[in-house]
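Here is start.cif, consisting of mmCIF, C-alpha atoms:
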data_structure
loop_
_atom_site.label_atom_id
_atom_site.label_comp_id
_atom_site.auth_asym_id
_atom_site.auth_seq_id
_atom_site.Cartn_x
_atom_site.Cartn_y
_atom_site.Cartn_z
CA MET A 85 48.40 20.03 21.21
CA ALA A 86 45.42 18.18 22.68
CA LYS A 87 41.99 19.48 21.75
CA GLN A 88 40.45 21.42 24.65
CA PRO A 89 37.02 20.28 25.80
CA SER A 90 34.12 22.67 25.47
CA SER A 91 33.61 24.91 28.45
CA PRO A 92 30.89 23.92 30.94
CA GLY A 93 27.45 25.11 29.93
CA LYS A 94 28.49 25.82 26.37
CA PRO A 95 27.67 22.88 24.10
CA ALA A 96 29.90 22.07 21.16
CA SER A 97 28.41 23.29 17.90
CA ALA A 98 26.98 20.74 15.48
CA PRO A 99 28.82 20.11 12.21
CA ALA A 100 27.73 22.57 9.57
CA SER A 101 25.62 21.29 6.69
CA SER A 102 25.96 22.97 3.33
CA ASP A 103 22.33 22.48 2.36
CA ASP A 104 20.56 23.63 5.54
CA ALA A 105 19.41 26.88 3.95
CA ASP A 106 17.76 25.06 1.05
CA PHE A 107 16.37 22.10 2.92
CA LEU A 108 12.60 22.31 3.28
CA LEU A 109 10.69 19.36 4.66
CA HIS A 110 7.47 20.77 3.27
CA SER A 111 8.74 21.40 -0.26
CA LEU A 112 7.04 18.35 -1.77
CA GLN A 113 3.79 19.08 0.04
CA ASP A 114 3.86 22.59 -1.41
CA ALA A 115 4.35 21.22 -4.93
CA PHE A 116 1.55 18.72 -4.38
CA GLU A 117 -0.85 21.34 -2.99
CA ALA A 118 -0.31 23.48 -6.09
CA ASN A 119 -1.75 20.73 -8.28
CA LYS A 120 -3.60 18.39 -5.98
CA ARG A 121 -5.59 16.23 -8.39
CA TYR A 122 -4.13 14.26 -11.25
CA LYS A 123 -5.54 15.39 -14.59
CA ALA A 124 -6.50 11.95 -15.83
CA SER A 125 -7.92 11.26 -19.25
CA GLU A 126 -11.29 9.54 -19.49
CA ALA A 127 -9.52 6.29 -20.42
CA GLU A 128 -7.26 6.53 -17.35
CA MET A 129 -10.19 7.22 -15.03
CA LEU A 130 -12.09 4.24 -16.42
CA GLU A 131 -9.03 2.06 -15.83
CA PHE A 132 -8.66 3.35 -12.25
CA TYR A 133 -12.36 2.65 -11.72
CA ARG A 134 -12.05 -0.86 -13.13
CA GLN A 135 -8.98 -1.66 -11.02
CA MET A 136 -10.50 -0.37 -7.77
CA LEU A 137 -13.69 -2.27 -8.50
CA LEU A 138 -11.67 -5.44 -9.13
CA ILE A 139 -10.05 -5.12 -5.69
CA ARG A 140 -13.42 -4.44 -4.03
CA ARG A 141 -15.23 -7.37 -5.67
CA PHE A 142 -12.26 -9.70 -5.20
CA GLU A 143 -12.08 -8.92 -1.49
CA GLU A 144 -15.82 -9.34 -1.07
CA LYS A 145 -15.55 -12.78 -2.67
CA ALA A 146 -12.56 -13.64 -0.47
CA GLY A 147 -14.68 -12.76 2.56
CA GLN A 148 -17.40 -15.11 1.33
CA LEU A 149 -14.95 -17.97 0.77
CA TYR A 150 -13.50 -17.41 4.22
CA GLY A 151 -16.99 -17.72 5.68
CA LEU A 152 -17.44 -21.00 3.82
CA GLY A 153 -14.20 -22.35 5.27
CA LEU A 154 -12.38 -22.39 1.93
CA ILE A 155 -9.81 -19.86 3.19
CA GLY A 156 -8.13 -20.64 6.48
CA GLY A 157 -5.84 -18.81 8.87
CA PHE A 158 -5.69 -15.02 8.84
CA CYS A 159 -7.29 -12.96 6.10
CA HIS A 160 -7.01 -9.16 6.04
CA LEU A 161 -9.27 -7.44 3.52
CA TYR A 162 -8.45 -4.19 1.70
CA ILE A 163 -12.04 -2.96 1.28
CA GLY A 164 -12.13 0.84 1.52
CA GLN A 165 -8.42 1.40 0.86
CA GLU A 166 -8.43 0.73 -2.91
CA ALA A 167 -7.51 4.28 -3.96
CA VAL A 168 -4.12 4.09 -2.24
CA ALA A 169 -2.81 1.06 -4.13
CA ILE A 170 -4.26 2.09 -7.49
CA GLY A 171 -3.27 5.75 -7.21
CA LEU A 172 0.33 4.91 -6.33
CA GLN A 173 1.00 1.80 -8.36
CA SER A 174 -0.52 3.18 -11.54
CA ALA A 175 2.39 5.66 -11.52
CA LEU A 176 5.09 2.99 -11.17
CA ASP A 177 7.17 1.45 -13.93
CA PRO A 178 6.61 -2.33 -13.56
CA ALA A 179 9.74 -3.06 -15.59
CA ARG A 180 12.06 -1.56 -12.99
CA ASP A 181 10.22 -0.58 -9.77
CA SER A 182 9.56 -2.88 -6.81
CA VAL A 183 6.77 -3.10 -4.25
CA ILE A 184 6.75 -4.54 -0.74
CA THR A 185 3.95 -4.48 1.80
CA GLY A 186 2.55 -5.98 4.99
CA TYR A 187 -0.08 -8.68 5.35
CA ARG A 188 -3.04 -6.71 3.91
CA ASP A 189 -1.60 -7.48 0.52
CA HIS A 190 -4.25 -8.78 -1.92
CA GLY A 191 -5.09 -5.28 -3.17
CA HIS A 192 -1.46 -4.40 -3.83
CA MET A 193 -0.99 -7.53 -5.91
CA LEU A 194 -4.10 -6.86 -7.97
CA ALA A 195 -2.97 -3.25 -8.43
CA TYR A 196 0.27 -4.56 -9.91
CA GLY A 197 -1.61 -6.53 -12.55
CA ILE A 198 -1.14 -10.00 -11.09
CA ASP A 199 -3.76 -12.54 -12.24
CA PRO A 200 -6.70 -12.75 -9.77
CA LYS A 201 -6.85 -16.51 -10.38
CA VAL A 202 -3.42 -17.21 -8.89
CA ILE A 203 -4.09 -14.86 -5.98
CA MET A 204 -7.38 -16.55 -5.13
CA ALA A 205 -5.75 -19.96 -5.56
CA GLU A 206 -3.11 -18.90 -3.05
CA LEU A 207 -5.74 -17.70 -0.59
CA THR A 208 -7.40 -21.12 -0.75
CA GLY A 209 -4.10 -22.97 -0.38
CA ARG A 210 -4.02 -24.47 -3.87
CA GLU A 211 -1.07 -25.70 -5.93
CA ALA A 212 -1.86 -23.14 -8.66
CA GLY A 213 -1.42 -20.29 -6.19
CA ILE A 214 1.29 -17.71 -6.74
CA SER A 215 3.26 -19.17 -3.80
CA LYS A 216 2.17 -22.76 -4.58
CA GLY A 217 -0.47 -22.61 -1.87
CA LYS A 218 2.13 -22.40 0.90
CA GLY A 219 1.99 -18.67 1.61
CA GLY A 220 -1.71 -18.04 1.98
CA SER A 221 -3.17 -14.60 2.52
CA MET A 222 -0.22 -12.99 4.27
CA HIS A 223 2.82 -14.32 2.41
CA MET A 224 2.36 -13.89 -1.31
CA PHE A 225 5.37 -13.14 -3.48
CA SER A 226 6.31 -12.70 -7.14
CA THR A 227 9.85 -11.92 -8.21
CA GLU A 228 8.58 -11.90 -11.81
CA HIS A 229 6.42 -8.88 -11.01
CA LYS A 230 8.97 -7.38 -8.58
CA PHE A 231 6.42 -7.81 -5.79
CA TYR A 232 8.27 -8.90 -2.66
CA GLY A 233 5.44 -9.70 -0.28
CA GLY A 234 3.18 -9.93 1.89
CA HIS A 235 4.87 -9.98 5.37
CA GLY A 236 3.35 -11.17 8.62
CA ILE A 237 5.90 -9.49 10.91
CA VAL A 238 4.67 -5.97 11.66
CA GLY A 239 7.05 -3.41 10.17
CA ALA A 240 9.57 -5.96 8.88
CA GLN A 241 8.80 -5.12 5.27
CA VAL A 242 10.09 -1.56 5.75
CA ALA A 243 13.63 -2.74 6.47
CA LEU A 244 13.45 -5.20 3.58
CA GLY A 245 12.21 -2.35 1.40
CA GLY A 246 15.35 -0.45 2.33
CA GLY A 247 17.32 -3.41 1.03
CA LEU A 248 15.37 -3.43 -2.23
CA ALA A 249 16.07 0.29 -2.64
CA LEU A 250 19.77 -0.33 -2.00
CA ALA A 251 19.69 -2.99 -4.72
CA HIS A 252 18.11 -0.51 -7.15
CA GLN A 253 20.84 1.99 -6.32
CA TYR A 254 23.66 -0.56 -6.48
CA ASN A 255 22.48 -1.95 -9.82
CA ASN A 256 21.84 1.55 -11.15
CA ASP A 257 18.64 0.26 -12.78
CA GLY A 258 16.66 3.48 -12.36
CA GLY A 259 14.06 1.76 -10.22
CA LEU A 260 12.56 2.74 -6.89
CA CYS A 261 10.98 0.76 -4.08
CA LEU A 262 7.46 1.47 -2.84
CA ALA A 263 7.30 0.27 0.77
CA TYR A 264 3.89 0.19 2.42
CA PHE A 265 3.22 -0.03 6.15
CA GLY A 266 0.36 0.84 8.44
CA ASP A 267 -0.22 3.27 11.28
CA GLY A 268 0.37 0.43 13.75
CA ALA A 269 3.74 -0.46 12.22
CA ALA A 270 4.72 3.23 12.28
CA ASN A 271 5.80 2.83 15.92
CA GLN A 272 8.26 0.00 15.19
CA GLY A 273 11.93 0.73 15.83
CA GLN A 274 13.17 -0.91 12.64
CA VAL A 275 11.13 1.61 10.64
CA TYR A 276 13.28 4.46 11.98
CA GLU A 277 16.53 2.58 11.52
CA THR A 278 15.54 2.21 7.88
CA PHE A 279 14.57 5.89 7.63
CA ASN A 280 18.04 6.83 8.87
CA MET A 281 19.92 4.59 6.45
CA ALA A 282 17.70 5.52 3.50
CA ALA A 283 18.24 9.23 4.12
CA LEU A 284 21.97 8.84 4.76
CA TRP A 285 22.52 6.92 1.53
CA LYS A 286 19.82 8.72 -0.49
CA LEU A 287 18.13 5.45 -1.32
CA PRO A 288 15.38 5.44 -3.99
CA ILE A 289 12.42 4.56 -1.78
CA VAL A 290 8.97 5.96 -1.04
CA PHE A 291 7.70 5.00 2.41
CA VAL A 292 3.89 4.92 2.45
CA VAL A 293 1.91 4.90 5.68
CA GLU A 294 -1.59 3.59 4.98
CA ASP A 295 -3.28 5.20 7.98
CA ASN A 296 -6.63 3.45 8.24
CA GLN A 297 -7.16 5.02 11.67
CA TYR A 298 -7.18 1.88 13.82
CA ALA A 299 -4.01 -0.23 13.40
CA MET A 300 -5.42 -3.55 14.66
CA GLY A 301 -8.16 -2.32 16.97
CA THR A 302 -6.75 0.72 18.74
CA ALA A 303 -7.49 4.23 17.50
CA THR A 304 -4.42 6.10 16.31
CA LYS A 305 -4.84 8.86 18.89
CA ARG A 306 -4.67 6.27 21.70
CA SER A 307 -1.45 4.64 20.48
CA SER A 308 0.62 7.37 18.81
CA ALA A 309 1.90 10.59 20.35
CA GLU A 310 2.32 12.04 16.84
CA THR A 311 -0.70 11.08 14.78
CA ARG A 312 0.39 12.91 11.62
CA PHE A 313 2.73 10.27 10.33
CA TYR A 314 4.11 12.29 7.43
CA ARG A 315 6.03 14.31 10.06
CA ARG A 316 7.83 11.23 11.35
CA GLY A 317 10.67 11.62 8.85
CA THR A 318 11.60 15.10 10.05
CA ALA A 319 14.43 13.89 12.30
CA PHE A 320 15.97 12.11 9.31
CA ARG A 321 15.55 15.00 6.87
CA ILE A 322 12.97 13.05 4.87
CA PRO A 323 10.31 15.26 3.26
CA GLY A 324 6.76 14.29 4.14
CA MET A 325 3.48 14.38 2.26
CA GLU A 326 -0.07 14.20 3.61
CA VAL A 327 -2.59 12.77 1.15
CA ASN A 328 -6.31 11.98 1.08
CA GLY A 329 -6.11 8.23 0.55
CA MET A 330 -9.80 8.02 -0.36
CA ASP A 331 -9.33 9.97 -3.61
CA VAL A 332 -7.49 8.04 -6.32
CA LEU A 333 -6.76 11.16 -8.37
CA GLU A 334 -5.24 12.91 -5.37
CA VAL A 335 -3.10 9.88 -4.55
CA ARG A 336 -1.90 9.70 -8.16
CA ALA A 337 -1.01 13.42 -8.11
CA ALA A 338 1.03 12.87 -4.94
CA ALA A 339 2.73 9.87 -6.53
CA GLU A 340 3.84 11.98 -9.49
CA VAL A 341 5.54 14.48 -7.17
CA ALA A 342 7.11 11.90 -4.85
CA PHE A 343 8.39 9.56 -7.55
CA ALA A 344 9.96 12.41 -9.53
CA HIS A 345 11.78 13.56 -6.39
CA VAL A 346 13.15 10.08 -5.71
CA ARG A 347 14.10 9.34 -9.33
CA ALA A 348 16.11 12.57 -9.41
CA GLY A 349 18.45 11.10 -6.81
CA ASN A 350 17.18 13.14 -3.86
CA GLY A 351 16.62 10.21 -1.53
CA PRO A 352 13.47 8.97 0.22
CA VAL A 353 10.00 10.43 0.69
CA LEU A 354 7.53 9.64 3.47
CA MET A 355 3.90 9.74 2.39
CA GLU A 356 0.90 9.42 4.70
CA CYS A 357 -2.28 8.28 2.94
CA ASN A 358 -5.29 8.80 5.19
CA THR A 359 -7.73 6.04 4.41
CA TYR A 360 -10.30 3.79 6.09
CA ARG A 361 -10.99 0.07 6.11
CA TYR A 362 -14.65 -0.92 6.21
CA ARG A 363 -14.10 -4.41 7.59
CA GLY A 364 -12.34 -5.45 10.79
CA HIS A 365 -8.59 -5.80 11.07
CA SER A 366 -8.96 -9.38 9.90
CA MET A 367 -11.90 -11.68 9.23
CA SER A 368 -11.86 -12.72 12.89
CA ASP A 369 -12.24 -9.13 14.13
CA PRO A 370 -15.82 -8.03 15.06
CA ALA A 371 -14.62 -4.38 15.10
CA LYS A 372 -16.52 -3.42 18.26
CA TYR A 373 -14.12 -0.52 18.87
CA ARG A 374 -16.05 1.70 16.44
CA THR A 375 -19.69 2.35 15.69
CA ARG A 376 -21.67 1.24 12.66
CA GLU A 377 -22.58 4.88 12.12
CA GLU A 378 -18.92 5.81 11.77
CA VAL A 379 -18.32 3.15 9.12
CA GLN A 380 -21.51 4.08 7.27
CA GLU A 381 -20.49 7.74 7.24
CA GLN A 382 -17.24 6.79 5.52
CA ARG A 383 -19.09 4.64 2.98
CA ASP A 384 -21.67 7.32 2.26
CA HIS A 385 -19.38 10.32 1.97
CA HIS A 386 -15.80 9.18 1.33
CA ASP A 387 -15.91 5.92 -0.64
CA PRO A 388 -13.11 5.98 -3.24
CA ILE A 389 -15.03 4.04 -5.88
CA GLU A 390 -18.21 6.05 -5.55
CA GLY A 391 -16.15 9.25 -5.61
CA LEU A 392 -14.54 8.35 -8.94
CA LYS A 393 -17.87 7.10 -10.27
CA LYS A 394 -19.35 10.56 -9.60
CA THR A 395 -16.45 12.19 -11.46
CA LEU A 396 -16.92 9.84 -14.42
CA MET A 397 -20.63 10.60 -14.59
CA GLU A 398 -19.86 14.32 -14.56
CA THR A 399 -17.76 13.74 -17.70
CA GLY A 400 -20.68 12.07 -19.45
CA LYS A 401 -20.54 8.41 -18.49
CA THR A 402 -23.89 6.82 -17.71
CA GLU A 403 -24.95 4.53 -14.88
CA ASP A 404 -25.59 1.76 -17.41
CA GLU A 405 -22.09 2.03 -18.89
CA LEU A 406 -20.52 1.72 -15.45
CA LYS A 407 -22.79 -1.23 -14.59
CA VAL A 408 -21.34 -3.06 -17.60
CA ILE A 409 -17.87 -2.69 -16.06
CA ASP A 410 -19.11 -3.96 -12.71
CA LYS A 411 -20.79 -6.95 -14.34
CA ALA A 412 -17.57 -7.88 -16.17
CA ILE A 413 -15.55 -7.55 -12.92
CA ARG A 414 -18.00 -9.76 -11.02
CA ALA A 415 -17.69 -12.40 -13.73
CA GLN A 416 -13.88 -12.22 -13.59
CA VAL A 417 -13.89 -12.63 -9.81
CA ALA A 418 -16.36 -15.52 -9.97
CA GLU A 419 -14.07 -17.18 -12.51
CA SER A 420 -11.09 -16.77 -10.19
CA ALA A 421 -13.05 -18.36 -7.32
CA ASP A 422 -14.10 -21.29 -9.51
CA PHE A 423 -10.50 -21.72 -10.67
CA ALA A 424 -9.29 -21.80 -7.08
CA GLU A 425 -11.94 -24.23 -5.86
CA ASN A 426 -11.25 -26.62 -8.75
CA SER A 427 -7.46 -26.53 -8.40
CA PRO A 428 -5.74 -29.35 -6.46
CA GLU A 429 -4.02 -28.81 -3.15
CA PRO A 430 -0.21 -29.04 -3.17
CA GLY A 431 1.27 -32.49 -2.76
CA ALA A 432 3.02 -33.54 0.43
CA ALA A 433 6.41 -33.29 -1.32
CA GLU A 434 5.95 -29.52 -1.54
CA LEU A 435 6.74 -29.36 2.18
CA TYR A 436 10.40 -29.84 1.24
CA THR A 437 10.69 -27.34 -1.60
CA ASP A 438 11.56 -23.63 -1.45
CA VAL A 439 13.33 -24.09 1.87
CA LEU A 440 16.68 -22.97 0.48
CA VAL A 441 17.47 -20.70 -2.45
CA GLU A 442 19.25 -23.45 -4.39
CA GLU A 443 18.66 -27.16 -4.70
CA TYR A 444 20.99 -29.54 -2.85
#

What is this structure when it is put down as structure tokens?
Amino acid sequence: MAKQPSSPGKPASAPASSDDADFLLHSLQDAFEANKRYKASEAEMLEFYRQMLLIRRFEEKAGQLYGLGLIGGFCHLYIGQEAVAIGLQSALDPARDSVITGYRDHGHMLAYGIDPKVIMAELTGREAGISKGKGGSMHMFSTEHKFYGGHGIVGAQVALGGGLALAHQYNNDGGLCLAYFGDGAANQGQVYETFNMAALWKLPIVFVVEDNQYAMGTATKRSSAETRFYRRGTAFRIPGMEVNGMDVLEVRAAAEVAFAHVRAGNGPVLMECNTYRYRGHSMSDPAKYRTREEVQEQRDHHDPIEGLKKTLMETGKTEDELKVIDKAIRAQVAESADFAENSPEPGAAELYTDVLVEEY
């Protein structure tokens, strides 16, 4: 007997789901709120401080080299957002986890422990660069470190991150993928296609929106109907988390909750880290869409490095002890710049390498 169509005005009921009663999109946020700051040891806090300072000083030097014409093309600095990369990536297992990001990528590479010398050499287009000087600022890559870029196409890294997560699942290696994207990329269609597949297949991936408030140069509220990006996974049954991306200990606490959820086989998490970049979208951006007072307010009251410095001093560290760390970081960054400037440019024959996966 043929199945009778539903009567007019009475929609067919949706298929029942066995876990509807237990499914709570806010469950991870609740767990995070219960213990919102990571209880770091003094040694851990000093390491977080050192790593954030390395990103800050490295990016400041990159800005200087760009001004001198030693870095060409686009260059997107991470100044102000350091707590996101350090808070999250300090909780990863480098032996099995993977990271993929957009074109504001220098900070993520430094957070993963990649040598500042080869990053600076790449920025300046030198043969010693991590991509042999052919990738530049936006297209750095290291399979050795499970860092898969640096992508210039807005939002493209999210779909590729889904593929990395599928590889982790297929290989049963226990790893997860950390896929970064910005508030501007959050409106890309491929992001939601990836959300759907990741949720359907319970892929081990943490989607991280680094919401620095302005995408390229348009305020979030002018470009997004839903400005709380952690809610964007609701339609795909992906739990969301809202995190203060200017506090490294809060980001680390959120990472502990999210990563445990994913490693337990529960599928993806969507995390929104609210942060702020102090410089323009890129080095060519004068950032006239915001006031100097707004930027200064962020620096004065929300700076991630100064915030951790205050916490360290409350535990007994002195200004002089922290200055020693800063001095050592400045020397390390200066050394990386000297290394880059003194390294040769790639030979013309390099134009024909790395075009295909294998040699022919």

When you draw a straight line from atom CA of Phe231 of chain A to atom CA of Met193 of chain A, how long is it in Å?
7.4 Å

Running the PyMOL selection byres ((chain A and resi 221) around 10) on this model by hand, what would come out? Give it as a PyMOL selection string.
chain A and resi 146+155-161+187-190+203-204+206-209+217-220+222-224+234-236

Select, from A:Leu194, A:Ala240, A:Ala249, A:Ala270, the residue with the minimum atom-to-atom distance to Ile170 of chain A, counting all atoms listed in the file.
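Closest to Ile170 of chain A of all the choices is A:Leu194.
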
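Between atom CA of Ile413 of chain A and atom CA of Leu138 of chain A the separation is 5.8 Å.
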
On this structure, the PyMOL selection byres ((chain A and resi 435-442) around 12) would catch which residues? List them as an NGL selection string, sorted by chain and number.
:A and (211 or 215-219 or 430-434 or 443-444)

Hey, can you check how far atom CA of Ala424 of chain A sits from atom CA of Ser182 of chain A?
26.7 Å

Here's the selection I'm unsure about, the PyMOL selection byres ((chain A and resi 289) around 6); applied to the file above, which residues does it give, as a count of residues only?
8

Test item: residues at most 8 Å from His229 of chain A, all atoms listed in the file, excluding those fewer than 6 positions along its chain, as a list in words:
Pro178, Ser182, Tyr196 and Ile198 of chain A

Once you add 4 Å to each side, what are the centre and edge lengths of the axis-aligned box holding all listed atoms of segment 390-394 of chain A? One decimal in Å, as lines of an AutoDock Vina configuration file, if you can.
center_x = -16.9
center_y = 8.3
center_z = -7.9
size_x = 12.8
size_y = 12.5
size_z = 12.7

Determine, using all atoms listed in the file, which residues of segment 360-418 of chain A have any atom at most 12 Å from an atom of segment 316-328 of chain A, and tabulate each with its shortest atom pair and distance in Å to one decimal place, rows ordered by chain and then rising number, as a Markdown table.
| residue | atom | partner | partner_atom | distance |
| --- | --- | --- | --- | --- |
| A:Tyr360 | CA | A:Asn328 | CA | 10.4 |
| A:His386 | CA | A:Asn328 | CA | 9.9 |
| A:Asp387 | CA | A:Asn328 | CA | 11.5 |
| A:Pro388 | CA | A:Asn328 | CA | 10.0 |

Option closest in space to Gln148 of chain A, from A:Ser427, A:Gln253, A:Ala421, A:Arg361 [counting all atoms listed in the file]:
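The answer is A:Ala421, which sits nearest to Gln148 of chain A.
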
I want to know what sits within 12 Å of Gln173 of chain A, based on only C-alpha atoms, with residues of the same chain fewer than 5 positions away left out; could you give that as a ChimeraX atom specification?
/A:132,135-136,166-168,178,181-184,191-197,231,260-264,290,292,332,335-340,343

Calculated over all atoms listed in the file, which of the candidates A:Gly301, A:Glu131, A:Gly246, A:Asn296 has the smallest distance to Leu392 of chain A?
A:Glu131

Calculated over only C-alpha atoms, which of the candidates A:Gln272, A:Gly364, A:Val341, A:Thr359 has the smallest distance to Ser111 of chain A?
A:Val341

Residue list as a PyMOL selection string for point (-19.7, -7.7, 0.0), cut-off 12 Å, only C-alpha atoms:
chain A and resi 137+139-149+151+161-164+362-363+414

Identify which of the residues A:Ala418, A:Cys357, A:Leu284, A:Ala243 lies closest to Gln297 of chain A, counting all atoms listed in the file when measuring atom-to-atom distances.
A:Cys357

List the spatial neighbours of Arg374 of chain A as a list in words - criterion: any atom at most 10 Å away, only C-alpha atoms, same-chain residues fewer than 2 positions off excluded.
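Once the adjacent positions are removed, what remains is Tyr298, Gly301, Thr302, Ala303, Gly364, Pro370, Ala371, Lys372, Arg376, Glu377, Glu378 and Val379 of chain A.
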